[in-house]
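Enquirer: So that you have it, the file is protein-v7.cif, and it contains mmCIF, C-alpha atoms:
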```
data_target
loop_
_atom_site.group_PDB
_atom_site.id
_atom_site.type_symbol
_atom_site.label_atom_id
_atom_site.label_comp_id
_atom_site.auth_asym_id
_atom_site.auth_seq_id
_atom_site.Cartn_x
_atom_site.Cartn_y
_atom_site.Cartn_z
ATOM 1 C CA MET A 7 93.672 91.332 118.092
ATOM 2 C CA ILE A 8 92.651 92.074 114.506
ATOM 3 C CA ALA A 9 92.166 89.161 112.121
ATOM 4 C CA LEU A 10 92.309 89.857 108.398
ATOM 5 C CA ALA A 11 89.732 87.836 106.457
ATOM 6 C CA LEU A 12 90.985 87.024 102.981
ATOM 7 C CA ALA A 13 88.004 84.950 101.928
ATOM 8 C CA GLY A 14 84.638 83.782 103.145
ATOM 9 C CA CYS A 15 81.423 85.512 104.079
ATOM 10 C CA SER A 16 82.472 87.509 107.123
ATOM 11 C CA ARG A 17 81.780 91.193 106.916
ATOM 12 C CA ARG A 18 83.952 94.070 108.034
ATOM 13 C CA GLY A 19 83.560 94.786 111.732
ATOM 14 C CA GLU A 20 82.174 91.375 112.741
ATOM 15 C CA ILE A 21 83.637 89.495 115.709
ATOM 16 C CA ASP A 22 85.242 86.208 114.677
ATOM 17 C CA PRO A 23 85.226 83.003 116.792
ATOM 18 C CA THR A 24 88.561 83.934 118.423
ATOM 19 C CA GLY A 25 87.222 87.270 119.633
ATOM 20 C CA GLY A 26 89.045 89.249 116.972
ATOM 21 C CA ILE A 27 87.557 91.821 114.639
ATOM 22 C CA VAL A 28 87.266 90.877 110.976
ATOM 23 C CA ALA A 29 88.823 93.353 108.525
ATOM 24 C CA VAL A 30 88.126 92.390 104.923
ATOM 25 C CA ARG A 31 90.924 92.998 102.418
ATOM 26 C CA SER A 32 89.902 92.837 98.803
ATOM 27 C CA ALA A 33 92.455 91.867 96.182
ATOM 28 C CA CYS A 34 90.565 93.990 93.652
ATOM 29 C CA PRO A 35 92.102 97.388 92.879
ATOM 30 C CA THR A 36 90.452 100.247 94.728
ATOM 31 C CA ALA A 37 89.341 103.292 92.739
ATOM 32 C CA ALA A 38 90.304 106.805 93.810
ATOM 33 C CA ILE A 39 90.909 110.333 92.541
ATOM 34 C CA PRO A 40 94.446 111.625 93.237
ATOM 35 C CA ALA A 41 94.800 114.933 95.040
ATOM 36 C CA TYR A 42 94.440 118.047 92.853
ATOM 37 C CA THR A 43 93.268 116.083 89.773
ATOM 38 C CA GLY A 44 89.532 115.928 90.491
ATOM 39 C CA ASP A 45 88.758 119.308 88.959
ATOM 40 C CA ILE A 46 89.903 121.461 86.067
ATOM 41 C CA THR A 47 89.611 125.173 85.279
ATOM 42 C CA LEU A 48 89.797 126.607 81.770
ATOM 43 C CA PHE A 49 90.567 130.290 81.279
ATOM 44 C CA ASN A 50 89.888 132.756 78.487
ATOM 45 C CA PRO A 51 92.469 133.900 77.546
ATOM 46 C CA ALA A 52 94.209 130.574 78.128
ATOM 47 C CA GLY A 53 97.332 131.990 79.762
ATOM 48 C CA SER A 54 95.442 133.874 82.477
ATOM 49 C CA THR A 55 94.670 132.681 85.994
ATOM 50 C CA ASP A 56 92.581 135.701 86.936
ATOM 51 C CA ALA A 57 89.209 134.873 88.473
ATOM 52 C CA ARG A 58 87.534 137.188 85.934
ATOM 53 C CA ALA A 59 88.978 135.064 83.106
ATOM 54 C CA ILE A 60 87.484 131.760 84.278
ATOM 55 C CA ASP A 61 85.764 130.134 81.305
ATOM 56 C CA VAL A 62 84.797 126.593 82.335
ATOM 57 C CA VAL A 63 85.095 124.744 85.645
ATOM 58 C CA ALA A 64 84.545 120.983 85.815
ATOM 59 C CA ASN A 65 84.852 118.337 88.500
ATOM 60 C CA ILE A 66 84.769 114.557 88.746
ATOM 61 C CA THR A 67 82.185 113.114 91.109
ATOM 62 C CA ASP A 68 80.248 109.933 91.901
ATOM 63 C CA LEU A 69 83.235 107.632 91.323
ATOM 64 C CA ARG A 70 82.143 104.004 91.594
ATOM 65 C CA ALA A 71 84.068 100.806 90.904
ATOM 66 C CA THR A 72 83.141 97.214 90.163
ATOM 67 C CA CYS A 73 85.461 94.232 89.989
ATOM 68 C CA SER A 74 85.152 90.850 88.301
ATOM 69 C CA GLU A 75 87.451 87.934 88.969
ATOM 70 C CA GLY A 76 88.921 85.464 86.521
ATOM 71 C CA ALA A 77 92.512 84.771 85.537
ATOM 72 C CA GLN A 78 92.794 88.536 86.028
ATOM 73 C CA PHE A 79 90.926 91.061 88.096
ATOM 74 C CA TYR A 80 89.033 93.453 85.851
ATOM 75 C CA SER A 81 88.045 96.702 87.540
ATOM 76 C CA GLU A 82 85.801 99.271 85.946
ATOM 77 C CA ALA A 83 85.335 102.738 87.364
ATOM 78 C CA THR A 84 82.432 104.923 86.318
ATOM 79 C CA PHE A 85 82.193 108.601 87.145
ATOM 80 C CA VAL A 86 80.329 111.785 86.326
ATOM 81 C CA VAL A 87 81.832 115.067 85.167
ATOM 82 C CA ASN A 88 79.861 118.168 86.102
ATOM 83 C CA ALA A 89 80.813 121.446 84.442
ATOM 84 C CA ARG A 90 79.853 125.084 84.649
ATOM 85 C CA ARG A 91 80.650 127.798 82.120
ATOM 86 C CA SER A 92 80.642 131.567 82.501
ATOM 87 C CA ASP A 93 79.080 132.489 79.134
ATOM 88 C CA ALA A 94 75.871 130.718 78.128
ATOM 89 C CA THR A 95 75.124 132.779 75.028
ATOM 90 C CA ALA A 96 75.545 130.010 72.445
ATOM 91 C CA ALA A 97 75.571 126.228 72.328
ATOM 92 C CA ARG A 98 79.049 124.874 72.953
ATOM 93 C CA ARG A 99 80.907 121.560 73.112
ATOM 94 C CA VAL A 100 83.839 121.191 75.511
ATOM 95 C CA THR A 101 86.157 118.164 75.416
ATOM 96 C CA LEU A 102 88.200 117.443 78.534
ATOM 97 C CA PRO A 103 91.001 114.859 78.846
ATOM 98 C CA TYR A 104 91.102 112.436 81.747
ATOM 99 C CA PHE A 105 93.519 109.673 82.711
ATOM 100 C CA SER A 106 93.189 106.266 84.298
ATOM 101 C CA ALA A 107 96.270 104.711 85.864
ATOM 102 C CA VAL A 108 96.971 101.433 87.619
ATOM 103 C CA VAL A 109 99.303 102.042 90.561
ATOM 104 C CA ARG A 110 101.043 99.299 92.507
ATOM 105 C CA GLY A 111 102.184 99.714 96.084
ATOM 106 C CA GLY A 112 101.069 103.315 96.243
ATOM 107 C CA ASN A 113 103.770 104.763 93.991
ATOM 108 C CA ALA A 114 104.575 102.599 90.956
ATOM 109 C CA VAL A 115 102.506 103.358 87.839
ATOM 110 C CA VAL A 116 102.223 100.119 85.875
ATOM 111 C CA ALA A 117 99.732 101.303 83.216
ATOM 112 C CA LYS A 118 98.160 104.573 82.124
ATOM 113 C CA ARG A 119 95.574 105.577 79.552
ATOM 114 C CA VAL A 120 94.172 108.932 78.507
ATOM 115 C CA GLY A 121 90.561 109.344 77.445
ATOM 116 C CA GLN A 122 88.199 112.201 76.708
ATOM 117 C CA VAL A 123 84.844 113.243 78.082
ATOM 118 C CA VAL A 124 82.600 115.459 75.952
ATOM 119 C CA LEU A 125 80.301 118.042 77.523
ATOM 120 C CA ASP A 126 77.520 119.658 75.479
ATOM 121 C CA PHE A 127 76.144 122.979 76.703
ATOM 122 C CA PRO A 128 72.820 123.951 75.051
ATOM 123 C CA ALA A 129 72.323 127.620 74.307
ATOM 124 C CA GLY A 130 71.272 129.462 77.433
ATOM 125 C CA GLN A 131 72.497 126.703 79.774
ATOM 126 C CA TYR A 132 75.359 127.298 82.181
ATOM 127 C CA ARG A 133 75.732 123.678 83.312
ATOM 128 C CA ALA A 134 76.397 120.355 81.628
ATOM 129 C CA SER A 135 77.151 116.813 82.763
ATOM 130 C CA ALA A 136 78.554 113.695 81.140
ATOM 131 C CA SER A 137 79.399 110.170 82.233
ATOM 132 C CA ALA A 138 82.645 108.342 81.547
ATOM 133 C CA LYS A 139 84.390 105.154 82.567
ATOM 134 C CA ALA A 140 87.821 103.581 82.854
ATOM 135 C CA GLY A 141 88.934 99.979 83.221
ATOM 136 C CA SER A 142 91.987 98.042 84.311
ATOM 137 C CA PHE A 143 93.302 94.491 84.340
ATOM 138 C CA VAL A 144 95.488 93.219 87.173
ATOM 139 C CA ASP A 145 97.064 89.778 87.237
ATOM 140 C CA LYS A 146 95.417 87.734 89.966
ATOM 141 C CA ALA A 147 98.687 86.236 91.177
ATOM 142 C CA ALA A 148 100.281 89.679 91.502
ATOM 143 C CA ALA A 149 97.386 90.916 93.680
ATOM 144 C CA THR A 150 97.178 87.859 95.942
ATOM 145 C CA LEU A 151 99.113 87.545 99.188
ATOM 146 C CA PRO A 152 101.485 84.559 99.354
ATOM 147 C CA ALA A 153 100.245 81.651 101.465
ATOM 148 C CA ASP A 154 102.920 82.111 104.141
ATOM 149 C CA ILE A 155 101.963 85.772 104.590
ATOM 150 C CA GLN A 156 98.275 84.872 104.765
ATOM 151 C CA ALA A 157 99.138 82.326 107.457
ATOM 152 C CA LYS A 158 101.013 84.926 109.504
ATOM 153 C CA ILE A 159 98.130 87.362 109.348
ATOM 154 C CA THR A 160 95.330 84.894 110.092
ATOM 155 C CA GLN A 161 97.208 82.869 112.682
ATOM 156 C CA LYS A 162 95.028 82.409 115.770
ATOM 157 C CA ARG A 163 96.571 83.839 118.900
ATOM 158 C CA LYS A 164 95.448 83.372 122.499
ATOM 159 C CA ALA A 165 96.078 85.609 125.470
ATOM 160 C CA GLY A 166 99.233 84.487 127.197
ATOM 161 C CA ASP A 167 100.877 83.121 124.053
ATOM 162 C CA GLU A 168 104.368 84.439 123.382
ATOM 163 C CA ASP A 169 103.301 86.121 120.139
ATOM 164 C CA ALA A 170 99.844 87.233 121.317
ATOM 165 C CA ALA A 171 100.873 90.886 121.555
ATOM 166 C CA ILE A 172 102.702 90.954 118.218
ATOM 167 C CA ASP A 173 100.944 92.856 115.484
ATOM 168 C CA PRO A 174 101.498 90.834 112.285
ATOM 169 C CA PHE A 175 101.055 93.982 110.203
ATOM 170 C CA ALA A 176 104.104 95.497 111.906
ATOM 171 C CA GLN A 177 106.386 92.761 110.582
ATOM 172 C CA PRO A 178 108.524 93.985 107.662
ATOM 173 C CA ASP A 179 107.815 91.014 105.404
ATOM 174 C CA VAL A 180 104.059 91.350 105.936
ATOM 175 C CA ARG A 181 104.125 95.102 105.281
ATOM 176 C CA ALA A 182 106.180 94.572 102.131
ATOM 177 C CA ALA A 183 103.820 91.855 100.854
ATOM 178 C CA LEU A 184 100.751 93.991 101.502
ATOM 179 C CA GLN A 185 102.300 96.879 99.613
ATOM 180 C CA ARG A 186 103.458 94.666 96.749
ATOM 181 C CA THR A 187 99.994 93.138 96.257
ATOM 182 C CA SER A 188 98.031 96.388 96.639
ATOM 183 C CA PHE A 189 96.747 97.999 93.434
ATOM 184 C CA GLU A 190 94.723 101.144 92.802
ATOM 185 C CA LEU A 191 92.812 102.389 89.776
ATOM 186 C CA LEU A 192 93.317 106.149 89.838
ATOM 187 C CA VAL A 193 91.148 108.482 87.770
ATOM 188 C CA GLY A 194 91.538 112.226 87.281
ATOM 189 C CA PHE A 195 91.760 115.022 84.751
ATOM 190 C CA ASN A 196 94.890 114.838 82.602
ATOM 191 C CA LEU A 197 96.137 118.278 83.640
ATOM 192 C CA THR A 198 98.965 120.356 82.273
ATOM 193 C CA GLN A 199 101.675 121.426 84.707
ATOM 194 C CA ASP A 200 100.108 124.892 84.877
ATOM 195 C CA GLN A 201 96.656 123.461 85.603
ATOM 196 C CA LEU A 202 98.034 121.167 88.302
ATOM 197 C CA ARG A 203 99.937 124.075 89.861
ATOM 198 C CA TYR A 204 96.768 126.181 89.839
ATOM 199 C CA ASN A 205 94.800 123.443 91.636
ATOM 200 C CA ALA A 206 97.531 122.956 94.232
ATOM 201 C CA THR A 207 98.090 126.636 95.046
ATOM 202 C CA ARG A 208 94.745 128.414 94.638
#
```
Reformat the file's structure so that it appears as structure tokens.
Expert:
Amino acid sequence: MIALALAGCSRRGEIDPTGGIVAVRSACPTAAIPAYTGDITLFNPAGSTDARAIDVVANITDLRATCSEGAQFYSEATFVVNARRSDATAARRVTLPYFSAVVRGGNAVVAKRVGQVVLDFPAGQYRASASAKAGSFVDKAAATLPADIQAKITQKRKAGDEDAAIDPFAQPDVRAALQRTSFELLVGFNLTQDQLRYNATR
């Protein structure tokens, strides 16, 4: 049996008094980088995709998120952009666009913003790094499981009970509620269709 702890001081993986394993579900949005959006390649000339034409390559790393609770959950994601250029002859500034999006239930974008990160390459230097951040607000009520669903999940079950072998997470109403109250803060480069295609097919 797996018990889902919605509050309290139990930590993930601890055994609760019923013998179940505690799995902590946070109502705060989780931060992640969507597939194929964590790096970007600039070419010179711009229309080329030849390896010999690669100008600048950058990637997002060290993504970290914090969350504060009030009437709304405020999540802030910080990350680092590391870049490498092919020609270090002169000092150069490169500005790259990135997006932050709040996604509900794994597929519904409820908010999106586009920002910019600026990378300064000194003369003679091939590498540069810069830090950036993104934030999101999520209504607390929208991210909180209804009381009846919480009761179904945390209901204590004993061996021999009629419902002891029933996985509450397999019940359609529980699955739907978990999806409806799950939010993510997604961060990635704001790629063109050609750049996204390049990342997905290289």
Enquirer: Name the residues that the PyMOL selection byres ((chain A and resi 71) around 8) pulls out of this structure, and write them as a list in words.
Expert: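 Applying the PyMOL selection byres ((chain A and resi 71) around 8) to the structure shown produces Thr36, Ala37, Leu69, Arg70, Thr72, Cys73, Ser81, Glu82, Ala83 and Thr84 of chain A.
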Enquirer: Could you jot down the CA of Gly141 (chain A) to CA of Ala64 (chain A) separation for me, Å, one decimal place?
Expert: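 Answer for the CA of Gly141 (chain A) to CA of Ala64 (chain A) separation: 21.6 Å.
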Enquirer: Selected by the PyMOL selection byres ((chain A and resi 203) around 12) in the shown coordinates: which residues, as a list in words?
Expert: Ala41, Tyr42, Thr43, Ile46, Thr47, Thr55, Leu197, Thr198, Gln199, Asp200, Gln201, Leu202, Tyr204, Asn205, Ala206, Thr207 and Arg208 of chain A
Enquirer: Produce the centre coordinates and the three edge lengths, each in Å to one decimal, of the box along x, y and z that contains all listed atoms of region 70-73 of chain A with 8 Å added on each side, as lines of an AutoDock Vina configuration file.
Expert:
```
center_x = 83.8
center_y = 99.1
center_z = 90.8
size_x = 19.3
size_y = 25.8
size_z = 17.6
```
Enquirer: Please measure the separation of CA of Ser135 (chain A) and CA of Pro103 (chain A), giving the value in Å to one decimal.
Expert: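 These atoms are spaced 14.5 Å apart.
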Enquirer: If I take CA of Phe85 (chain A) and CA of Ser106 (chain A), how far is one from the other in Å, to one decimal?
Expert: 11.6 Å
Enquirer: Near region 178-193 of chain A, counting all atoms listed in the file, which residues have an atom at most 7 Å away, once you skip same-chain residues fewer than 4 positions from it, shown as JSON, numbers by chain?
Expert: {"A": [35, 36, 37, 38, 39, 40, 105, 106, 107, 108, 109, 110, 111, 148, 149, 150, 151, 155, 174]}
Enquirer: Which polymer residues have any atom within 10 Å of an atom of Gly121 (chain A), counting only C-alpha atoms, with same-chain residues fewer than 4 positions away left out, as a ChimeraX atom specification?
Expert: /A:102-106,138-140,195-196
Enquirer: With C-alpha atoms retained, export the selected residues as a compact mmCIF listing (two decimals), in the frame of the given file.
Expert:
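Final file, result34.txt:
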```txt
# COMPACT_ATOMS: atom_id res chain seq x y z
CA LEU A 102 88.20 117.44 78.53
CA PRO A 103 91.00 114.86 78.85
CA TYR A 104 91.10 112.44 81.75
CA PHE A 105 93.52 109.67 82.71
CA SER A 106 93.19 106.27 84.30
CA ALA A 138 82.64 108.34 81.55
CA LYS A 139 84.39 105.15 82.57
CA ALA A 140 87.82 103.58 82.85
CA PHE A 195 91.76 115.02 84.75
CA ASN A 196 94.89 114.84 82.60
```
Enquirer: A:Leu48, A:Ala117, A:Ala77, A:Val86: which is nearest Asn65 (chain A), counting all atoms listed in the file?
Expert: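 Of all the options, A:Val86 lies closest to Asn65 (chain A).
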Enquirer: Name the closest residue to Ala136 (chain A) among the candidates A:Thr101, A:Asn113, A:Gln177, A:Gln161; distances are taken between atoms, counting all atoms listed in the file.
Expert: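 Nearest candidate to Ala136 (chain A) out of A:Thr101, A:Asn113, A:Gln177, A:Gln161: A:Thr101.
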Enquirer: Please write as a CSV table (one decimal) with C-alpha atoms, in the coordinates of the input the full residue list that the PyMOL selection byres ((chain A and resi 78) around 7) yields on this file.
Expert:
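Wrote it out as result.csv, contents follow:
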```
chain,number,residue,atom,x,y,z
A,75,GLU,CA,87.5,87.9,89.0
A,76,GLY,CA,88.9,85.5,86.5
A,77,ALA,CA,92.5,84.8,85.5
A,79,PHE,CA,90.9,91.1,88.1
A,80,TYR,CA,89.0,93.5,85.9
A,143,PHE,CA,93.3,94.5,84.3
A,144,VAL,CA,95.5,93.2,87.2
A,145,ASP,CA,97.1,89.8,87.2
A,146,LYS,CA,95.4,87.7,90.0
```
Enquirer: May I have the protein, DNA and RNA residues with an atom at most 8 Å from (71.5, 124.7, 74.7), counting only C-alpha atoms in the file's coordinates, returned as JSON, numbers by chain?
Expert: {"A": [96, 97, 98, 126, 127, 128, 129, 130, 131]}
Enquirer: Which is closest to Arg119 (chain A) among A:Asn50, A:Val100, A:Gly194, A:Ser74, if we use all atoms listed in the file?
Expert: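 Residue with the minimum atom-to-atom distance to Arg119 (chain A): A:Gly194.
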Enquirer: Emit a file covering region 55-97 of chain A of the preceding structure with N, CA and C atoms, as a compact mmCIF listing (two decimals), in the first residue's frame.
Expert:
```
# COMPACT_ATOMS: atom_id res chain seq x y z
N THR A 55 22.57 24.54 -42.03
CA THR A 55 22.62 23.61 -40.89
C THR A 55 23.86 22.73 -40.98
N ASP A 56 24.82 23.18 -41.76
CA ASP A 56 26.07 22.45 -41.91
C ASP A 56 26.92 22.61 -40.65
N ALA A 57 27.56 21.54 -40.23
CA ALA A 57 28.37 21.58 -39.01
C ALA A 57 29.48 22.63 -39.12
N ARG A 58 29.97 22.89 -40.33
CA ARG A 58 31.04 23.88 -40.51
C ARG A 58 30.53 25.31 -40.37
N ALA A 59 29.19 25.46 -40.39
CA ALA A 59 28.60 26.81 -40.27
C ALA A 59 28.12 27.12 -38.86
N ILE A 60 28.38 26.23 -37.91
CA ILE A 60 27.93 26.48 -36.54
C ILE A 60 28.64 27.71 -35.98
N ASP A 61 27.85 28.64 -35.48
CA ASP A 61 28.36 29.91 -34.96
C ASP A 61 28.40 29.91 -33.44
N VAL A 62 27.24 29.69 -32.82
CA VAL A 62 27.12 29.69 -31.36
C VAL A 62 26.25 28.51 -30.94
N VAL A 63 26.65 27.83 -29.90
CA VAL A 63 25.86 26.76 -29.30
C VAL A 63 25.67 27.10 -27.82
N ALA A 64 24.43 27.03 -27.36
CA ALA A 64 24.14 27.35 -25.95
C ALA A 64 23.20 26.31 -25.37
N ASN A 65 23.30 26.11 -24.06
CA ASN A 65 22.40 25.17 -23.40
C ASN A 65 21.99 25.69 -22.02
N ILE A 66 20.82 25.27 -21.60
CA ILE A 66 20.29 25.63 -20.28
C ILE A 66 20.67 24.53 -19.30
N THR A 67 21.19 24.93 -18.15
CA THR A 67 21.60 23.96 -17.15
C THR A 67 21.31 24.50 -15.75
N ASP A 68 21.49 23.64 -14.76
CA ASP A 68 21.36 24.04 -13.35
C ASP A 68 20.00 24.69 -13.06
N LEU A 69 18.93 24.08 -13.57
CA LEU A 69 17.58 24.59 -13.32
C LEU A 69 17.17 24.27 -11.88
N ARG A 70 16.81 25.30 -11.15
CA ARG A 70 16.39 25.14 -9.75
C ARG A 70 15.11 25.94 -9.52
N ALA A 71 14.24 25.44 -8.68
CA ALA A 71 12.96 26.11 -8.44
C ALA A 71 12.70 26.25 -6.95
N THR A 72 12.11 27.38 -6.59
CA THR A 72 11.64 27.62 -5.23
C THR A 72 10.16 27.95 -5.31
N CYS A 73 9.46 27.76 -4.20
CA CYS A 73 8.02 27.99 -4.19
C CYS A 73 7.62 28.62 -2.86
N SER A 74 6.83 29.67 -2.93
CA SER A 74 6.30 30.29 -1.71
C SER A 74 4.79 30.24 -1.76
N GLU A 75 4.19 30.08 -0.60
CA GLU A 75 2.75 29.84 -0.52
C GLU A 75 2.04 31.00 0.15
N GLY A 76 0.97 31.45 -0.49
CA GLY A 76 0.10 32.46 0.07
C GLY A 76 -1.29 32.20 -0.49
N ALA A 77 -1.99 33.24 -0.91
CA ALA A 77 -3.25 33.03 -1.61
C ALA A 77 -3.00 32.33 -2.94
N GLN A 78 -1.76 32.51 -3.45
CA GLN A 78 -1.30 31.83 -4.66
C GLN A 78 0.05 31.18 -4.38
N PHE A 79 0.36 30.18 -5.18
CA PHE A 79 1.71 29.63 -5.15
C PHE A 79 2.56 30.44 -6.12
N TYR A 80 3.68 30.97 -5.63
CA TYR A 80 4.60 31.65 -6.52
C TYR A 80 5.84 30.79 -6.66
N SER A 81 6.12 30.36 -7.88
CA SER A 81 7.30 29.56 -8.16
C SER A 81 8.30 30.41 -8.94
N GLU A 82 9.55 30.27 -8.59
CA GLU A 82 10.60 30.97 -9.32
C GLU A 82 11.67 29.97 -9.71
N ALA A 83 11.97 29.92 -10.99
CA ALA A 83 13.00 29.03 -11.50
C ALA A 83 14.21 29.84 -11.91
N THR A 84 15.36 29.44 -11.44
CA THR A 84 16.61 30.07 -11.86
C THR A 84 17.39 29.04 -12.67
N PHE A 85 18.17 29.54 -13.63
CA PHE A 85 18.94 28.63 -14.47
C PHE A 85 20.15 29.36 -15.03
N VAL A 86 21.06 28.59 -15.57
CA VAL A 86 22.29 29.12 -16.15
C VAL A 86 22.32 28.75 -17.63
N VAL A 87 22.74 29.69 -18.45
CA VAL A 87 22.94 29.44 -19.87
C VAL A 87 24.44 29.46 -20.14
N ASN A 88 24.95 28.34 -20.63
CA ASN A 88 26.35 28.25 -21.03
C ASN A 88 26.43 28.26 -22.54
N ALA A 89 27.34 29.02 -23.09
CA ALA A 89 27.44 29.13 -24.55
C ALA A 89 28.88 29.00 -25.01
N ARG A 90 29.01 28.54 -26.25
CA ARG A 90 30.32 28.41 -26.87
C ARG A 90 30.23 28.95 -28.29
N ARG A 91 31.20 29.73 -28.69
CA ARG A 91 31.20 30.27 -30.06
C ARG A 91 32.40 29.71 -30.83
N SER A 92 32.33 29.80 -32.14
CA SER A 92 33.39 29.22 -32.97
C SER A 92 34.48 30.22 -33.33
N ASP A 93 34.18 31.51 -33.25
CA ASP A 93 35.15 32.55 -33.60
C ASP A 93 35.32 33.49 -32.42
N ALA A 94 36.50 33.49 -31.83
CA ALA A 94 36.74 34.31 -30.63
C ALA A 94 37.57 35.54 -30.93
N THR A 95 37.63 35.95 -32.18
CA THR A 95 38.50 37.06 -32.57
C THR A 95 38.19 38.35 -31.82
N ALA A 96 36.92 38.73 -31.78
CA ALA A 96 36.53 40.01 -31.19
C ALA A 96 35.51 39.81 -30.08
N ALA A 97 35.37 40.83 -29.25
CA ALA A 97 34.32 40.81 -28.22
C ALA A 97 32.97 40.78 -28.91
```
